[in-house]
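Undergrad: Before I ask anything, here is the structure I am working with.
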Amino acid sequence: MASLALDAGRPSLVRSAADAAKRREARIAILLSAPALLLLFLFIILPTIAVIFLGFTDFELGYASFNFVGFENYADLLNDRTFKKSLWNTTVYAAIVAPTSMALGLGIALLIESEGWGKSLFRTAYFLPVASLLVAMATVWQYLFHPTIGPINAALGLIGIDGPNWLGASSTVMTSLSIIGIWQATGFNMVLFLAGLSAIPRELYQAAEVDGARSALSRFRLVTWPMLGPTTLFVTTISIINSVKVFETVKTLTEGGPNKASEVLLFTIYEEGFVFLRVGYASAMTVIFLAILVSLMFLQYRVMDRKVHYA
Amino acid sequence: MMMTDRFTPGRALRLALLTLGAIVFLAPYIFMISTAGKAQSEIFSSSLNLIPQTWSYAENFAKAFGRVSMGGLLLNGVIVCGLILVVQVLVAIPCAYAMAKLSFGAARLMMALVMLGLLVPIHATALPLYVAFDRLSVLNSYFALVAPFSISVFAIFLFLQFFRGIPDDLIHAARLDGMSEAGIVARVVVPNAWPAITAFAIFSVVAHWNDLFWPLIVVTNQAYATPPLGLLYFRAAEAGDDYGALMAATLIITLPLVLAFLLAQKRFVEGITMTGLKG
């Protein structure tokens, strides 16, 4: 303040001094963010533009030249049976894994939250799959699912059920992969719900009880569910996006088989682009994959916006 | 609440459900440990016996260590995850500080770029990066494994939110003390941001330790294989159904991260919760 009063007589000098300080601050800011900006451009922006560009070409790795083919790749995708199968399988997988792992995650979180005993023990047990190497645990599941020597079918045999060829039959392979997906994602959803639950003020439950919400169910309906809204929205989006990105289990266990019955989006892109090296065509698939992710995120923002207005 | 003190039928049901669920979720680990100690003949005859009749851990682990260099795999995993984490944090922190606490013209544009970057996973940029790395002949190297992840827009996003909470007075005071902006980042911002940095570290290591997609694309030489990729090689080398050796190998590969988790559970869960909710 003192310097301001002193400088009052020399406004132009003050302004230029302030300007200089501002310019200095801006210069430092640019300097500090330059490495990030450069890498962001090099490894995210440029490749994203490149993949959209490549989607309009017939580029194949190993060939020197390529041609522009306009929307030909996209037209081909419409008639590509493998790609359509892959889109469908990914949708089925997401439709099973996301809601089931969310419901289980929420259910377990509610049980753990209301139970005083063994809180951290249970949390650890359910969370362990999140901290485990998925490729390794997929291998364990392969053994569990083994049609003849696997424990699951052995246990089913004890009660007289002839277990299916889980990962080996086209009718059950997506279900089997979904079970692994649910097993892996539930703990993650659970800890997010636990965080959401612990943020709900206790007084709300007491108030609800005073207002006549006697049963646990009505307290859940009146307090827990509405207060969990933002968490649920987050978990929904993350769950769907993670399901759309399913790759590890498919690559490890089925390679898209049998008979393309477990062909999923990322695996199809991987095979087309990195095994068959048809980069142009795989890029068009990638653009579709990216479009799906972006629309899911966009949808989340829209729903969040509306929620904020209501509140 | 009161009900936790008494043993009611509702509580018994709750505990039963939780215990049953926990057993189901832990079953793969139980069978992994059990099968890793069984001889081939026993695996084929009685899969529901959890205690091996003939103790074959030594044989199976010897096979696991013999076929693929497990030590090498784990070392590669540590090197790759470590390099990624260090570079990510070193690049993201100054940038997040500038965006949170300094005013400059490009800040809005950068915020837009960061938000845009959050939408783009490695799977979307993999094809052009692969073509570029192939042209530059840098496939099969630590560089190829690490470079695309040197920038984490998620780290910038997470740190940015955290840095905004650091009081401006603290930074002004440091400036009056004659500290440079770099000094402020190193000695004021970073010490105040450990919770965010730990959370991000856990998120980053879990993600990259588990990642199969990118290593599978850029590495064909076993010398650079990360744990997931190495396990794929091991599976390929392991013709037929030698599940004993396979389970021993999965046990070795899974153990480091699981142990880390068990030792630092609270931080793990906090870290995943923090990064999960922000992501």
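Quick note on naming: the chains in the structure tokens go A, B, ... in the order shown, residues restart at 1 in each chain, and ligands are numbered from 1 in order of appearance.
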Define the interface residues of chain B facing chain A as those within 7 Å, counting only C-alpha atoms, and report them as a compact mmCIF listing (two decimals) with N, CA and C atoms, in the first residue's frame.
TA:
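Okay, this is what ended up in part03.txt:
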```txt
# COMPACT_ATOMS: atom_id res chain seq x y z
N THR B 4 -23.95 -51.97 16.27
CA THR B 4 -22.70 -52.69 16.08
C THR B 4 -22.25 -53.38 17.37
N ARG B 14 -25.19 -60.09 7.82
CA ARG B 14 -24.26 -59.16 7.18
C ARG B 14 -22.84 -59.74 7.18
N ALA B 22 -15.94 -62.44 0.53
CA ALA B 22 -14.48 -62.32 0.62
C ALA B 22 -13.82 -63.62 0.20
N PHE B 25 -13.88 -63.81 -3.52
CA PHE B 25 -12.92 -62.89 -4.14
C PHE B 25 -11.48 -63.35 -3.93
N LEU B 26 -11.24 -64.04 -2.83
CA LEU B 26 -9.87 -64.49 -2.55
C LEU B 26 -9.58 -65.87 -3.13
N PRO B 28 -9.27 -67.15 -6.13
CA PRO B 28 -8.20 -67.30 -7.12
C PRO B 28 -6.81 -67.32 -6.49
N MET B 32 -4.23 -70.33 -6.53
CA MET B 32 -2.91 -70.06 -7.12
C MET B 32 -1.82 -70.61 -6.21
N PHE B 44 -4.02 -82.97 -12.21
CA PHE B 44 -4.99 -83.59 -13.11
C PHE B 44 -6.01 -84.44 -12.38
N SER B 47 -8.53 -81.45 -8.12
CA SER B 47 -8.32 -80.01 -8.13
C SER B 47 -8.92 -79.32 -6.92
N LEU B 48 -9.78 -80.02 -6.18
CA LEU B 48 -10.43 -79.35 -5.05
C LEU B 48 -9.67 -79.51 -3.74
N VAL B 91 7.82 -33.43 -14.71
CA VAL B 91 7.26 -32.62 -15.78
C VAL B 91 5.96 -31.95 -15.32
N ALA B 92 5.15 -32.69 -14.56
CA ALA B 92 3.81 -32.20 -14.24
C ALA B 92 3.81 -31.14 -13.14
N PRO B 94 5.97 -28.59 -12.10
CA PRO B 94 6.16 -27.18 -12.46
C PRO B 94 5.00 -26.64 -13.30
N CYS B 95 4.53 -27.46 -14.22
CA CYS B 95 3.43 -27.03 -15.09
C CYS B 95 2.17 -26.76 -14.27
N ALA B 98 2.55 -23.54 -12.32
CA ALA B 98 2.38 -22.36 -13.15
C ALA B 98 0.89 -22.12 -13.43
N LEU B 102 0.38 -18.92 -11.09
CA LEU B 102 0.91 -17.80 -11.86
C LEU B 102 -0.11 -17.40 -12.90
N SER B 103 -0.15 -16.11 -13.23
CA SER B 103 -1.09 -15.70 -14.26
C SER B 103 -0.34 -15.48 -15.56
N PHE B 104 -0.79 -16.16 -16.59
CA PHE B 104 -0.20 -15.96 -17.90
C PHE B 104 -1.24 -16.25 -18.98
N GLY B 117 -6.57 -33.73 -23.32
CA GLY B 117 -5.63 -34.82 -23.15
C GLY B 117 -6.17 -35.93 -22.26
N LEU B 119 -8.97 -37.13 -22.29
CA LEU B 119 -9.87 -38.00 -23.05
C LEU B 119 -9.12 -39.02 -23.89
N ALA B 124 -5.34 -44.85 -28.18
CA ALA B 124 -5.71 -44.02 -29.32
C ALA B 124 -4.48 -43.48 -30.04
N THR B 125 -3.38 -43.27 -29.30
CA THR B 125 -2.19 -42.68 -29.91
C THR B 125 -1.17 -43.74 -30.30
N LEU B 127 -0.95 -46.18 -32.56
CA LEU B 127 -0.58 -46.45 -33.96
C LEU B 127 0.44 -45.45 -34.51
N PRO B 128 0.15 -44.13 -34.46
CA PRO B 128 1.15 -43.18 -34.96
C PRO B 128 2.46 -43.25 -34.19
N LEU B 129 2.38 -43.44 -32.85
CA LEU B 129 3.60 -43.52 -32.06
C LEU B 129 4.43 -44.73 -32.48
N PRO B 148 6.11 -42.42 -24.21
CA PRO B 148 4.72 -41.94 -24.38
C PRO B 148 4.06 -41.55 -23.06
N ILE B 151 4.50 -37.68 -20.30
CA ILE B 151 3.54 -36.63 -19.99
C ILE B 151 2.26 -37.28 -19.46
N VAL B 206 0.58 -48.68 -10.32
CA VAL B 206 -0.39 -49.76 -10.54
C VAL B 206 -0.75 -49.83 -12.03
N ASN B 210 0.81 -52.96 -14.57
CA ASN B 210 -0.18 -53.87 -15.14
C ASN B 210 -0.33 -53.77 -16.65
N LEU B 212 -0.33 -54.05 -20.39
CA LEU B 212 0.16 -55.03 -21.37
C LEU B 212 0.18 -54.43 -22.77
N ILE B 217 3.25 -53.95 -27.88
CA ILE B 217 3.42 -53.35 -29.19
C ILE B 217 4.89 -53.03 -29.46
N PRO B 228 3.95 -58.23 -17.21
CA PRO B 228 2.83 -58.84 -17.93
C PRO B 228 3.27 -59.50 -19.24
N LEU B 232 3.34 -63.53 -20.60
CA LEU B 232 2.82 -64.01 -21.89
C LEU B 232 3.85 -64.91 -22.56
N MET B 247 1.35 -71.52 -12.28
CA MET B 247 0.89 -70.86 -11.06
C MET B 247 2.08 -70.33 -10.24
N THR B 250 2.99 -67.11 -11.94
CA THR B 250 2.04 -66.02 -11.66
C THR B 250 2.22 -65.54 -10.22
N THR B 254 2.97 -61.73 -9.37
CA THR B 254 1.93 -60.97 -8.68
C THR B 254 2.42 -60.45 -7.34
N LEU B 257 3.67 -56.41 -6.15
CA LEU B 257 2.67 -55.35 -6.01
C LEU B 257 1.68 -55.67 -4.89
N VAL B 258 1.34 -56.95 -4.76
CA VAL B 258 0.42 -57.35 -3.70
C VAL B 258 1.05 -57.10 -2.33
N PHE B 261 1.01 -53.51 -1.62
CA PHE B 261 -0.35 -53.12 -1.23
C PHE B 261 -0.63 -53.50 0.22
N VAL B 269 -5.39 -47.44 -0.74
CA VAL B 269 -6.82 -47.20 -0.91
C VAL B 269 -7.08 -45.70 -1.03
N THR B 273 -8.57 -44.01 -4.30
CA THR B 273 -9.82 -43.27 -4.14
C THR B 273 -9.66 -41.85 -4.66
N LEU B 277 -11.61 -40.73 -8.02
CA LEU B 277 -12.69 -39.74 -8.01
C LEU B 277 -12.36 -38.53 -8.85
```
Undergrad: For the structure I just gave you, how does DSSP split segment 122-178 of chain B - specifically, which residues are alpha helix (DSSP H)? Reply as a ChimeraX atom specification.
TA: /B:122-135,142-146,153-164,168-176
Undergrad: Would you work out the distance separating atom CA of Gln161 of chain B from atom CA of Ala196 of chain B, expressed in Å to one decimal?
TA: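 A separation of 9.4 Å between them.
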Undergrad: One number please: atom CA of Met179 of chain B to atom CA of Tyr97 of chain B, in Å, one decimal.
TA: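 Between atom CA of Met179 of chain B and atom CA of Tyr97 of chain B the gap is 14.9 Å.
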Undergrad: Restricting the calculation to only C-alpha atoms, which member of B:Ala100, B:Ile253, B:Ile33, B:Ala147 is positioned closest to Gly165 of chain B?
TA: B:Ala100
